[in-house]
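Novice: Here you go, model.cif (mmCIF, C-alpha atoms and all ligand atoms):
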```cif
data_structure
loop_
_atom_site.label_atom_id
_atom_site.label_comp_id
_atom_site.auth_asym_id
_atom_site.auth_seq_id
_atom_site.Cartn_x
_atom_site.Cartn_y
_atom_site.Cartn_z
CA MET A 1 -17.31 21.03 -51.96
CA SER A 2 -17.87 24.49 -53.41
CA TYR A 3 -19.85 24.92 -56.62
CA PRO A 4 -19.43 27.49 -59.42
CA VAL A 5 -21.07 30.91 -59.31
CA LYS A 6 -22.04 33.32 -62.07
CA LYS A 7 -22.04 37.14 -62.01
CA LEU A 8 -25.24 39.10 -62.51
CA SER A 9 -25.20 42.42 -64.41
CA ASN A 10 -25.12 44.35 -61.11
CA GLY A 11 -21.98 42.51 -60.01
CA ILE A 12 -23.73 40.24 -57.50
CA SER A 13 -22.79 36.54 -57.57
CA ILE A 14 -25.41 33.83 -58.06
CA PRO A 15 -24.92 30.05 -57.77
CA TYR A 16 -24.80 28.10 -61.03
CA MET A 17 -27.73 25.90 -59.97
CA GLY A 18 -30.56 26.18 -57.46
CA MET A 19 -33.39 24.20 -55.98
CA GLY A 20 -37.06 24.71 -56.85
CA THR A 21 -39.74 24.64 -54.15
CA PHE A 22 -43.03 24.29 -56.04
CA GLY A 23 -44.60 21.05 -54.80
CA SER A 24 -46.81 20.85 -57.95
CA ASP A 25 -49.85 20.08 -55.74
CA ARG A 26 -48.20 16.68 -55.04
CA TYR A 27 -45.65 17.43 -52.34
CA GLY A 28 -46.72 19.27 -49.18
CA ALA A 29 -44.92 22.10 -47.40
CA ARG A 30 -43.40 19.76 -44.78
CA GLU A 31 -41.80 17.51 -47.36
CA VAL A 32 -40.55 20.42 -49.48
CA SER A 33 -39.11 22.39 -46.54
CA ALA A 34 -37.36 19.31 -45.11
CA ALA A 35 -35.76 18.73 -48.52
CA VAL A 36 -34.66 22.38 -48.70
CA LYS A 37 -32.97 22.15 -45.27
CA ASP A 38 -31.13 18.96 -46.18
CA ALA A 39 -30.20 20.36 -49.59
CA VAL A 40 -28.72 23.53 -48.06
CA GLU A 41 -26.74 21.43 -45.58
CA TYR A 42 -25.53 19.36 -48.53
CA GLY A 43 -24.33 22.37 -50.54
CA TYR A 44 -27.23 24.12 -52.29
CA ARG A 45 -27.04 27.89 -51.88
CA LEU A 46 -29.73 29.14 -54.30
CA ILE A 47 -33.35 28.45 -53.33
CA ASP A 48 -36.22 29.48 -55.63
CA CYS A 49 -39.29 30.38 -53.55
CA ALA A 50 -42.64 32.05 -54.26
CA SER A 51 -45.50 33.19 -52.06
CA VAL A 52 -47.97 31.20 -54.20
CA TYR A 53 -46.19 27.93 -53.37
CA GLN A 54 -47.62 28.32 -49.84
CA ASN A 55 -44.57 26.92 -48.09
CA GLU A 56 -42.37 29.94 -47.41
CA ASP A 57 -43.24 29.88 -43.69
CA LEU A 58 -42.03 26.32 -43.21
CA ILE A 59 -38.99 26.84 -45.42
CA GLY A 60 -38.23 29.93 -43.30
CA LYS A 61 -38.39 27.97 -40.04
CA LEU A 62 -35.94 25.36 -41.26
CA LEU A 63 -33.64 27.93 -42.88
CA ALA A 64 -33.54 29.73 -39.51
CA ASP A 65 -32.42 26.46 -37.88
CA VAL A 66 -29.65 26.05 -40.44
CA LEU A 67 -28.45 29.64 -39.94
CA ALA A 68 -28.64 29.33 -36.13
CA ASP A 69 -26.26 26.40 -36.39
CA GLY A 70 -23.63 28.90 -37.54
CA LYS A 71 -21.89 26.81 -40.19
CA ILE A 72 -23.76 28.56 -43.01
CA LYS A 73 -24.21 32.34 -42.95
CA ARG A 74 -26.99 34.39 -44.50
CA GLU A 75 -24.56 35.91 -47.00
CA ASP A 76 -23.63 32.41 -48.20
CA LEU A 77 -27.22 31.88 -49.34
CA PHE A 78 -29.01 33.25 -52.40
CA ILE A 79 -32.74 33.31 -51.66
CA GLN A 80 -35.15 34.40 -54.37
CA SER A 81 -38.91 34.76 -54.27
CA LYS A 82 -41.79 36.05 -56.42
CA VAL A 83 -44.78 38.34 -56.06
CA TRP A 84 -48.01 36.59 -56.97
CA ASN A 85 -50.46 38.02 -59.51
CA ASP A 86 -53.05 39.05 -56.90
CA MET A 87 -50.58 41.55 -55.39
CA HIS A 88 -50.12 44.04 -58.23
CA HIS A 89 -52.19 46.89 -56.77
CA LYS A 90 -50.82 50.09 -55.21
CA GLY A 91 -48.77 49.25 -52.10
CA ASP A 92 -48.90 45.50 -52.73
CA ALA A 93 -45.22 44.94 -53.59
CA LEU A 94 -44.16 46.13 -50.15
CA LEU A 95 -46.87 44.07 -48.43
CA SER A 96 -46.01 40.95 -50.40
CA CYS A 97 -42.28 41.37 -49.84
CA ALA A 98 -42.82 41.96 -46.11
CA LYS A 99 -44.91 38.79 -45.82
CA THR A 100 -42.31 36.75 -47.70
CA LEU A 101 -39.49 38.16 -45.56
CA LYS A 102 -41.44 37.41 -42.38
CA ASP A 103 -42.27 33.88 -43.56
CA LEU A 104 -38.72 33.16 -44.70
CA GLN A 105 -37.37 34.85 -41.50
CA LEU A 106 -34.98 37.02 -43.51
CA ASP A 107 -33.97 40.71 -43.56
CA TYR A 108 -33.59 40.83 -47.33
CA LEU A 109 -34.12 38.82 -50.50
CA ASP A 110 -31.29 38.31 -52.96
CA LEU A 111 -33.61 38.43 -55.96
CA TYR A 112 -37.33 39.25 -56.21
CA PHE A 113 -39.38 38.42 -59.31
CA VAL A 114 -42.67 39.57 -60.73
CA HIS A 115 -44.08 36.04 -61.15
CA TRP A 116 -46.33 36.82 -64.16
CA PRO A 117 -46.51 40.14 -66.03
CA PHE A 118 -50.22 40.77 -65.36
CA PRO A 119 -52.59 40.74 -62.39
CA ASN A 120 -54.60 37.77 -63.69
CA PHE A 121 -55.19 34.97 -61.25
CA HIS A 122 -57.58 32.23 -60.32
CA PRO A 123 -58.51 30.34 -57.19
CA PRO A 124 -56.49 27.13 -56.71
CA GLY A 125 -57.93 24.06 -58.37
CA CYS A 126 -60.07 25.97 -60.89
CA ASP A 127 -61.01 24.36 -64.20
CA VAL A 128 -58.39 24.90 -66.91
CA ASP A 129 -60.99 26.44 -69.25
CA SER A 130 -62.44 28.91 -66.76
CA ARG A 131 -61.81 32.64 -67.24
CA SER A 132 -61.68 35.27 -64.54
CA PRO A 133 -63.81 38.34 -65.41
CA ASP A 134 -60.98 40.53 -64.04
CA SER A 135 -58.28 39.06 -66.29
CA ARG A 136 -56.90 41.31 -69.01
CA PRO A 137 -54.06 41.44 -71.54
CA PHE A 138 -50.65 42.86 -70.63
CA ILE A 139 -50.66 46.65 -70.29
CA THR A 140 -47.22 48.32 -70.32
CA GLU A 141 -48.23 51.27 -68.10
CA GLU A 142 -49.81 48.95 -65.53
CA PHE A 143 -46.73 46.71 -65.45
CA MET A 144 -44.40 49.70 -65.09
CA ALA A 145 -46.43 51.16 -62.23
CA PHE A 146 -45.92 47.87 -60.46
CA TRP A 147 -42.24 47.64 -61.41
CA GLN A 148 -41.71 51.07 -59.81
CA GLN A 149 -43.01 49.57 -56.57
CA MET A 150 -40.47 46.76 -57.00
CA GLU A 151 -37.68 49.31 -57.56
CA LYS A 152 -38.55 50.96 -54.24
CA LEU A 153 -37.91 47.65 -52.48
CA VAL A 154 -34.32 47.83 -53.76
CA ASP A 155 -34.06 51.45 -52.57
CA MET A 156 -35.26 50.31 -49.14
CA GLY A 157 -32.65 47.56 -48.95
CA LEU A 158 -35.27 44.81 -48.72
CA VAL A 159 -34.27 43.30 -52.05
CA LYS A 160 -30.81 43.17 -53.69
CA SER A 161 -31.87 42.53 -57.30
CA LEU A 162 -35.02 42.40 -59.40
CA GLY A 163 -36.21 39.83 -61.92
CA MET A 164 -39.07 39.21 -64.32
CA SER A 165 -40.70 35.89 -65.17
CA ASN A 166 -42.89 34.48 -67.94
CA MET A 167 -42.07 37.40 -70.26
CA THR A 168 -41.83 37.58 -74.06
CA ILE A 169 -39.49 39.60 -76.29
CA PRO A 170 -42.23 42.14 -77.25
CA LYS A 171 -43.04 42.71 -73.57
CA MET A 172 -39.34 43.04 -72.66
CA GLU A 173 -38.85 45.49 -75.53
CA ALA A 174 -41.73 47.57 -74.18
CA VAL A 175 -40.59 47.72 -70.56
CA LEU A 176 -36.78 47.54 -70.50
CA PRO A 177 -36.21 51.14 -71.68
CA LEU A 178 -38.59 52.33 -68.93
CA CYS A 179 -36.92 50.54 -66.00
CA ARG A 180 -34.87 52.67 -63.59
CA ILE A 181 -33.52 49.44 -62.10
CA LYS A 182 -33.15 46.81 -64.82
CA PRO A 183 -33.98 43.15 -64.20
CA VAL A 184 -30.84 41.06 -63.70
CA ALA A 185 -32.62 37.79 -64.47
CA LEU A 186 -35.55 36.33 -66.36
CA GLU A 187 -37.12 33.16 -64.97
CA MET A 188 -38.45 31.23 -67.95
CA GLU A 189 -39.41 27.71 -68.96
CA LEU A 190 -36.31 26.05 -70.43
CA HIS A 191 -35.62 22.37 -71.04
CA PRO A 192 -34.41 20.34 -74.05
CA ALA A 193 -37.97 20.14 -75.47
CA PHE A 194 -38.49 23.92 -75.10
CA GLN A 195 -35.27 25.85 -75.61
CA GLN A 196 -36.72 29.29 -76.48
CA PRO A 197 -33.61 30.23 -78.51
CA GLU A 198 -34.80 33.74 -79.44
CA LEU A 199 -35.74 34.77 -75.90
CA PHE A 200 -32.62 33.09 -74.48
CA ASP A 201 -30.38 35.01 -76.93
CA TYR A 202 -32.29 38.22 -76.23
CA CYS A 203 -31.54 37.84 -72.52
CA ILE A 204 -27.85 37.16 -73.07
CA LYS A 205 -27.60 40.19 -75.40
CA ASN A 206 -29.25 42.38 -72.76
CA ASN A 207 -27.15 41.07 -69.86
CA ILE A 208 -30.13 39.34 -68.24
CA GLN A 209 -29.41 35.94 -66.72
CA PRO A 210 -31.85 33.23 -67.85
CA ILE A 211 -33.07 31.12 -64.92
CA ALA A 212 -34.56 27.84 -66.10
CA PHE A 213 -37.79 26.58 -64.55
CA CYS A 214 -39.03 23.06 -65.33
CA PRO A 215 -35.43 22.19 -66.34
CA ILE A 216 -36.21 18.46 -66.36
CA GLY A 217 -39.51 19.00 -68.18
CA SER A 218 -41.51 18.96 -64.94
CA PRO A 219 -42.60 15.31 -65.08
CA GLU A 220 -44.74 15.75 -61.96
CA ARG A 221 -46.40 19.04 -62.97
CA PRO A 222 -50.05 19.53 -62.03
CA ASP A 223 -52.63 17.82 -64.28
CA ARG A 224 -53.94 21.24 -65.40
CA ASP A 225 -50.56 21.85 -67.06
CA THR A 226 -50.55 18.53 -68.95
CA THR A 227 -51.86 17.93 -72.48
CA SER A 228 -51.65 14.88 -74.76
CA GLU A 229 -49.29 16.68 -77.21
CA ASP A 230 -46.65 17.49 -74.59
CA VAL A 231 -43.11 16.24 -75.27
CA ALA A 232 -41.32 14.83 -72.21
CA ALA A 233 -37.72 16.08 -72.17
CA THR A 234 -36.51 12.95 -70.37
CA GLN A 235 -38.02 10.71 -73.06
CA MET A 236 -36.57 12.50 -76.08
CA PRO A 237 -34.45 9.93 -77.99
CA VAL A 238 -31.43 12.26 -78.05
CA ILE A 239 -31.56 12.69 -74.25
CA VAL A 240 -32.06 8.96 -73.64
CA ASP A 241 -29.12 8.08 -75.92
CA ILE A 242 -26.76 10.62 -74.33
CA ALA A 243 -27.86 9.45 -70.86
CA LYS A 244 -26.90 5.88 -71.79
CA ALA A 245 -23.51 7.07 -73.04
CA HIS A 246 -22.83 8.88 -69.74
CA ASN A 247 -24.46 6.17 -67.63
CA VAL A 248 -26.74 8.63 -65.80
CA PRO A 249 -30.53 9.20 -65.74
CA PRO A 250 -31.96 11.43 -68.53
CA ALA A 251 -32.78 14.12 -65.92
CA ILE A 252 -29.07 14.59 -65.34
CA ILE A 253 -28.44 15.17 -69.05
CA CYS A 254 -31.14 17.88 -69.05
CA LEU A 255 -29.29 19.66 -66.24
CA LYS A 256 -25.82 19.24 -67.76
CA TRP A 257 -27.17 20.73 -71.00
CA ALA A 258 -28.72 23.62 -69.04
CA THR A 259 -25.59 24.61 -67.13
CA GLN A 260 -23.33 24.24 -70.17
CA ARG A 261 -25.68 26.36 -72.29
CA GLY A 262 -25.52 29.15 -69.70
CA GLN A 263 -28.87 29.10 -67.94
CA ILE A 264 -29.24 28.54 -64.19
CA PRO A 265 -31.52 25.53 -63.65
CA ILE A 266 -33.64 25.30 -60.50
CA PRO A 267 -34.71 21.62 -60.48
CA PHE A 268 -37.20 20.47 -57.87
CA SER A 269 -36.98 17.21 -55.96
CA VAL A 270 -37.71 15.96 -52.46
CA ARG A 271 -35.61 12.83 -53.01
CA PRO A 272 -32.07 13.16 -51.58
CA ASN A 273 -30.46 10.94 -54.24
CA GLU A 274 -31.99 13.17 -56.94
CA TYR A 275 -31.26 16.62 -55.53
CA LYS A 276 -27.73 15.65 -54.53
CA SER A 277 -26.87 14.24 -57.96
CA ASN A 278 -28.55 17.25 -59.59
CA LEU A 279 -26.23 19.70 -57.83
CA GLU A 280 -23.16 17.70 -58.72
CA CYS A 281 -23.98 16.92 -62.33
CA GLY A 282 -22.94 20.31 -63.68
CA VAL A 283 -19.38 20.02 -62.38
CA THR A 284 -18.54 16.50 -63.55
CA ASP A 285 -18.34 14.68 -66.89
CA PRO A 286 -19.47 17.48 -69.26
CA LEU A 287 -21.39 16.88 -72.47
CA THR A 288 -19.33 17.05 -75.65
CA ASP A 289 -19.83 19.82 -78.22
CA ALA A 290 -21.45 17.22 -80.50
CA GLU A 291 -23.90 16.22 -77.74
CA MET A 292 -24.76 19.86 -77.05
CA GLU A 293 -25.36 20.38 -80.77
CA ALA A 294 -27.55 17.27 -81.04
CA ILE A 295 -29.74 18.50 -78.16
CA LYS A 296 -29.95 21.96 -79.74
CA LYS A 297 -31.20 20.42 -82.99
CA ALA A 298 -33.85 18.34 -81.17
CA ASP A 299 -35.74 21.34 -79.73
CA ALA A 300 -39.44 20.45 -79.97
CA ASN A 301 -40.69 23.99 -79.19
CA CYS A 302 -43.08 22.42 -76.69
CA ARG A 303 -44.23 24.82 -73.97
CA LEU A 304 -45.53 22.94 -70.92
CA ILE A 305 -46.60 25.82 -68.64
CA LYS A 306 -49.09 27.35 -71.05
CA GLY A 307 -50.84 29.60 -68.53
CA GLN A 308 -54.42 28.89 -69.69
CA VAL A 309 -55.92 29.96 -66.37
CA PHE A 310 -54.56 33.50 -66.84
CA LEU A 311 -56.44 34.14 -70.10
CA TRP A 312 -59.01 36.91 -70.30
CA GLU A 313 -62.58 36.42 -71.50
CA GLY A 314 -62.71 36.28 -75.30
CA ALA A 315 -59.07 35.21 -75.78
CA THR A 316 -58.81 32.39 -78.33
CA ASP A 317 -56.33 30.13 -76.54
CA TRP A 318 -53.13 30.05 -74.49
CA HIS A 319 -50.96 31.17 -77.46
CA CYS A 320 -52.44 34.66 -76.83
CA LEU A 321 -50.28 34.96 -73.71
CA TRP A 322 -47.00 34.45 -75.53
CA ASP A 323 -46.97 37.13 -78.30
CA GLU A 324 -45.87 34.63 -80.95
CA GLY A 325 -46.65 37.08 -83.78
CA GLY A 326 -43.96 39.47 -82.51
CA THR A 327 -46.26 42.08 -80.96
CA ILE A 328 -48.01 42.23 -77.59
CA ASN A 329 -51.43 40.59 -77.93
CA GLY A 330 -54.46 42.57 -76.82
CA TRP A 331 -58.15 41.86 -76.27
CA ASN A 332 -58.72 40.75 -79.85
CA CYS A 333 -56.29 37.87 -79.86
N1 LIG B 1 -41.56 31.24 -62.57
C1 LIG B 1 -42.49 30.34 -62.80
O1 LIG B 1 -43.60 30.68 -63.29
C2 LIG B 1 -42.25 28.89 -62.47
C3 LIG B 1 -43.06 27.92 -63.07
C4 LIG B 1 -42.81 26.58 -62.76
C5 LIG B 1 -41.77 26.25 -61.90
N2 LIG B 1 -41.01 27.21 -61.31
C6 LIG B 1 -39.88 26.88 -60.39
O2 LIG B 1 -39.05 25.92 -61.05
C7 LIG B 1 -38.88 24.79 -60.21
C8 LIG B 1 -38.64 23.54 -61.03
O3 LIG B 1 -39.73 23.28 -61.89
P1 LIG B 1 -40.63 21.98 -61.75
O4 LIG B 1 -40.58 21.51 -60.36
O5 LIG B 1 -41.95 22.27 -62.33
O6 LIG B 1 -39.96 20.97 -62.78
P2 LIG B 1 -38.60 20.12 -62.85
O7 LIG B 1 -37.59 20.60 -61.88
O8 LIG B 1 -38.26 20.09 -64.29
O9 LIG B 1 -39.11 18.67 -62.46
C9 LIG B 1 -39.21 18.26 -61.13
C10 LIG B 1 -39.42 16.76 -61.09
O10 LIG B 1 -38.34 16.11 -61.76
C11 LIG B 1 -38.02 14.90 -61.12
N3 LIG B 1 -36.57 14.87 -60.86
C12 LIG B 1 -35.80 15.82 -60.25
N4 LIG B 1 -34.52 15.41 -60.20
C13 LIG B 1 -34.46 14.19 -60.79
C14 LIG B 1 -33.43 13.26 -61.03
N5 LIG B 1 -32.16 13.50 -60.69
N6 LIG B 1 -33.75 12.08 -61.65
C15 LIG B 1 -35.02 11.82 -62.01
N7 LIG B 1 -36.05 12.66 -61.81
C16 LIG B 1 -35.78 13.84 -61.20
C17 LIG B 1 -38.78 14.84 -59.81
O11 LIG B 1 -39.78 13.85 -59.96
P3 LIG B 1 -40.23 12.95 -58.70
O12 LIG B 1 -40.92 13.88 -57.79
O13 LIG B 1 -41.14 11.93 -59.32
O14 LIG B 1 -38.97 12.38 -58.13
C18 LIG B 1 -39.40 16.21 -59.67
O15 LIG B 1 -40.70 16.20 -59.13
C19 LIG B 1 -40.16 24.77 -59.36
O16 LIG B 1 -40.04 23.95 -58.21
C20 LIG B 1 -40.32 26.24 -59.06
O17 LIG B 1 -39.46 26.65 -58.02
C21 LIG B 1 -41.23 28.53 -61.60
#
```
For the structure just supplied, provide its representation as structure tokens.
Specialist:
Amino acid sequence: MSYPVKKLSNGISIPYMGMGTFGSDRYGAREVSAAVKDAVEYGYRLIDCASVYQNEDLIGKLLADVLADGKIKREDLFIQSKVWNDMHHKGDALLSCAKTLKDLQLDYLDLYFVHWPFPNFHPPGCDVDSRSPDSRPFITEEFMAFWQQMEKLVDMGLVKSLGMSNMTIPKMEAVLPLCRIKPVALEMELHPAFQQPELFDYCIKNNIQPIAFCPIGSPERPDRDTTSEDVAATQMPVIVDIAKAHNVPPAIICLKWATQRGQIPIPFSVRPNEYKSNLECGVTDPLTDAEMEAIKKADANCRLIKGQVFLWEGATDWHCLWDEGGTINGWNC
């Protein structure tokens, strides 16, 4: 079976749905890479990787096996990855890209993202309230110096397209006019409980494809990303009711909503029944206009991936990262 594709602003095709590979500290590299291999053999073509997920080497080994088999060619696949926050210094984009290419055993990436728009990072497993002394607010000039490194990767033929992730409208407004090579996609948190209508519309207006992470509401996300106020997309009454009407699990309704709205979801699962039904759900039994409207109205504006560990010393709380007042927050947030 062949699945729909969408066109990016640079004319390159991208599959309408992909598979995530972040094991959320619960699923190890072996499990995730085995699922990726099976998923590609089943029909997935878009795989969302990142160096920080620490599984690109195993994914690469199994992808190489699939390609060696000859039934699927490199050009049939759409492999995307992301530069981690500790690789924003001079020369780092090339180093990070080279490591990812070596691990994934590829000559080029289809899409390469800046994972977060600042060089703030923490050791794995750190306390959610800890602050790194090196963390700082977003600085346009610093981001652009790094973006220029990313642009060179396109010039070198190592990367076909560039993307940004975890951005806000004020940050996009600051950097888009300065980009020689514009981002074709923005990877952002999107699910029925967090629809980000303004940022979504901004992307569409600017010909930037929204790619939806946590499209099912990330029920297995790490504990550090879980708070008692969080709304679970799969438990929202509107999603549960529509799921009953279509006789499918609520997760499937989240993905149908995503593809029909126009974002590209990248759901994660290591369970074959889940990832197979996920890929198929966007091409069968669509939601009605009334169902789409009901989900739109139920948006709970509930961000799950708040990014607390990227805050700088003195910042009040995680809202500082997201420029909710309409301007880029600085030290005094
Ligand atoms: N750019 C970024 O900063 C960023 C941030 C977060 C994530 N991501 C990317 O986005 C991907 C997806 O996000 P995510 O993994 O956090 O969240 P998600 O895809 O919303 O949720 C994944 C979980 O949903 C459950 N699930 C999947 N399919 C299902 C189905 N058909 N029925 C029932 N449950 C189902 C699985 O739970 P069980 O394991 O219990 O089956 C799975 O662990 C990641 O893997 C990663 O590639 C990017």
Novice: For ligand LIG 1 (chain B), return the neighbouring residues as a PyMOL selection string (distance at most 7 Å; all atoms listed in the file).
Specialist: chain A and resi 19-24+48-49+115-116+165-166+187-189+213-221+249+251-252+266-271+274-275+277-278+305
Novice: Name the residues in contact with Gly18 (chain A) at a cut-off of 8 Å, using only C-alpha atoms, excluding same-chain residues fewer than 4 positions from it; report them as a ChimeraX atom specification.
Specialist: /A:44-48,264-267,279
Novice: Okay, now the selection with C-alpha atoms, as a PDB file, in the coordinates of the input?
Specialist:
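Done, and the output landed in part_27.pdb:
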```pdb
ATOM      1  CA  TYR A  44     -27.230  24.120 -52.290  1.00  0.00           C
ATOM      2  CA  ARG A  45     -27.040  27.890 -51.880  1.00  0.00           C
ATOM      3  CA  LEU A  46     -29.730  29.140 -54.300  1.00  0.00           C
ATOM      4  CA  ILE A  47     -33.350  28.450 -53.330  1.00  0.00           C
ATOM      5  CA  ASP A  48     -36.220  29.480 -55.630  1.00  0.00           C
ATOM      6  CA  ILE A 264     -29.240  28.540 -64.190  1.00  0.00           C
ATOM      7  CA  PRO A 265     -31.520  25.530 -63.650  1.00  0.00           C
ATOM      8  CA  ILE A 266     -33.640  25.300 -60.500  1.00  0.00           C
ATOM      9  CA  PRO A 267     -34.710  21.620 -60.480  1.00  0.00           C
ATOM     10  CA  LEU A 279     -26.230  19.700 -57.830  1.00  0.00           C
TER      11      LEU A 279
END
```
Novice: Box for region 77-91 of chain A: with edges along x, y and z, all listed atoms inside and 4 Å added on each side, what are the centre and edge lengths in Å to one decimal, as AutoDock Vina command-line options?
Specialist:
```
--center_x -40.1 --center_y 41.0 --center_z -54.4 --size_x 33.8 --size_y 26.2 --size_z 18.2
```
Novice: Env of Asp25 (chain A): 12 Å cut, atoms = all atoms listed in the file, seq-sep filter 5 positions within chain, self excluded. Answer as a PDB file with C-alpha atoms, in the frame of the given file.
Specialist:
```pdb
ATOM      1  CA  GLU A  31     -41.800  17.510 -47.360  1.00  0.00           C
ATOM      2  CA  VAL A  32     -40.550  20.420 -49.480  1.00  0.00           C
ATOM      3  CA  VAL A  52     -47.970  31.200 -54.200  1.00  0.00           C
ATOM      4  CA  TYR A  53     -46.190  27.930 -53.370  1.00  0.00           C
ATOM      5  CA  GLN A  54     -47.620  28.320 -49.840  1.00  0.00           C
ATOM      6  CA  ASN A  55     -44.570  26.920 -48.090  1.00  0.00           C
ATOM      7  CA  PRO A 124     -56.490  27.130 -56.710  1.00  0.00           C
ATOM      8  CA  GLY A 125     -57.930  24.060 -58.370  1.00  0.00           C
ATOM      9  CA  GLU A 220     -44.740  15.750 -61.960  1.00  0.00           C
ATOM     10  CA  ARG A 221     -46.400  19.040 -62.970  1.00  0.00           C
ATOM     11  CA  PRO A 222     -50.050  19.530 -62.030  1.00  0.00           C
ATOM     12  CA  ASP A 223     -52.630  17.820 -64.280  1.00  0.00           C
ATOM     13  CA  ARG A 224     -53.940  21.240 -65.400  1.00  0.00           C
ATOM     14  CA  ASP A 225     -50.560  21.850 -67.060  1.00  0.00           C
TER      15      ASP A 225
END
```
Novice: Of the candidates A:Pro272, A:Gly163, A:Gly330, A:Pro286, which shows the shortest atom-to-atom distance to Val40 (chain A), using all atoms listed in the file?
Specialist: A:Pro272
Novice: Neighbouring residues of Asp323 (chain A) were defined as those with any atom within 7 Å, considering all atoms listed in the file; residues of the same chain fewer than 5 positions away were excluded. Please report them as a PDB file with C-alpha atoms, keeping the file's coordinate frame.
Specialist:
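Written out: out.pdb:
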```pdb
ATOM      1  CA  THR A 168     -41.830  37.580 -74.060  1.00  0.00           C
ATOM      2  CA  PRO A 170     -42.230  42.140 -77.250  1.00  0.00           C
ATOM      3  CA  ILE A 328     -48.010  42.230 -77.590  1.00  0.00           C
ATOM      4  CA  ASN A 329     -51.430  40.590 -77.930  1.00  0.00           C
TER       5      ASN A 329
END
```
Novice: Find the spatial neighbours of Pro197 (chain A), counting all atoms listed in the file, within a cut-off of 10 Å - ignore same-chain residues fewer than 4 positions away - and output them as a PyMOL selection string.
Specialist: chain A and resi 190+201-203+296+299+301
Novice: Just the selected residues (C-alpha atoms), exported as a short mmCIF file (atom, residue, chain, number, x, y, z; two decimals), in the frame of the given file, please.
Specialist:
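Once everything was written out, this is out05.cif:
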```cif
data_model
loop_
_atom_site.label_atom_id
_atom_site.label_comp_id
_atom_site.auth_asym_id
_atom_site.auth_seq_id
_atom_site.Cartn_x
_atom_site.Cartn_y
_atom_site.Cartn_z
CA LEU A 190 -36.31 26.05 -70.43
CA ASP A 201 -30.38 35.01 -76.93
CA TYR A 202 -32.29 38.22 -76.23
CA CYS A 203 -31.54 37.84 -72.52
CA LYS A 296 -29.95 21.96 -79.74
CA ASP A 299 -35.74 21.34 -79.73
CA ASN A 301 -40.69 23.99 -79.19
#
```
Novice: Interatomic distance between CA of Gly282 (chain A) and CA of Ile253 (chain A)?
Specialist: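 Those two atoms sit 9.2 Å apart.
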Novice: Would you work out the distance separating CA of Gln196 (chain A) from CA of Trp331 (chain A), expressed in Å to one decimal?
Specialist: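 Going from CA of Gln196 (chain A) over to CA of Trp331 (chain A) covers 24.8 Å.
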Novice: Kindly give the distance, in Å, that separates CA of Ser33 (chain A) and CA of Leu62 (chain A), rounded to a single decimal.
Specialist: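 Computing it gives 6.8 Å between the two atoms.
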Novice: Can you tell me, as a list in words, which residues sit within 12 Å of (-63.5, 25.2, -68.8) in the file's frame, using only C-alpha atoms?
Specialist: Gly125, Cys126, Asp127, Val128, Asp129, Ser130, Arg131, Ser132, Arg224, Gln308, Val309, Leu311, Glu313 and Asp317 of chain A
Novice: May I have the residues from that selection written out with C-alpha atoms, as a compact mmCIF listing (two decimals), in the coordinates of the input?
Specialist:
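File result_33.txt, as written:
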```txt
# COMPACT_ATOMS: atom_id res chain seq x y z
CA GLY A 125 -57.93 24.06 -58.37
CA CYS A 126 -60.07 25.97 -60.89
CA ASP A 127 -61.01 24.36 -64.20
CA VAL A 128 -58.39 24.90 -66.91
CA ASP A 129 -60.99 26.44 -69.25
CA SER A 130 -62.44 28.91 -66.76
CA ARG A 131 -61.81 32.64 -67.24
CA SER A 132 -61.68 35.27 -64.54
CA ARG A 224 -53.94 21.24 -65.40
CA GLN A 308 -54.42 28.89 -69.69
CA VAL A 309 -55.92 29.96 -66.37
CA LEU A 311 -56.44 34.14 -70.10
CA GLU A 313 -62.58 36.42 -71.50
CA ASP A 317 -56.33 30.13 -76.54
```
Novice: List the neighbours of region 92-102 of chain A out to 7 Å using only C-alpha atoms; skip same-chain residues closer than 5 positions along the sequence, and give me the result as a tab-separated table (two decimals) with C-alpha atoms, in the frame of the given file.
Specialist:
```tsv
chain	number	residue	atom	x	y	z
A	51	SER	CA	-45.50	33.19	-52.06
A	56	GLU	CA	-42.37	29.94	-47.41
A	83	VAL	CA	-44.78	38.34	-56.06
A	87	MET	CA	-50.58	41.55	-55.39
A	107	ASP	CA	-33.97	40.71	-43.56
A	108	TYR	CA	-33.59	40.83	-47.33
A	149	GLN	CA	-43.01	49.57	-56.57
A	150	MET	CA	-40.47	46.76	-57.00
A	153	LEU	CA	-37.91	47.65	-52.48
```
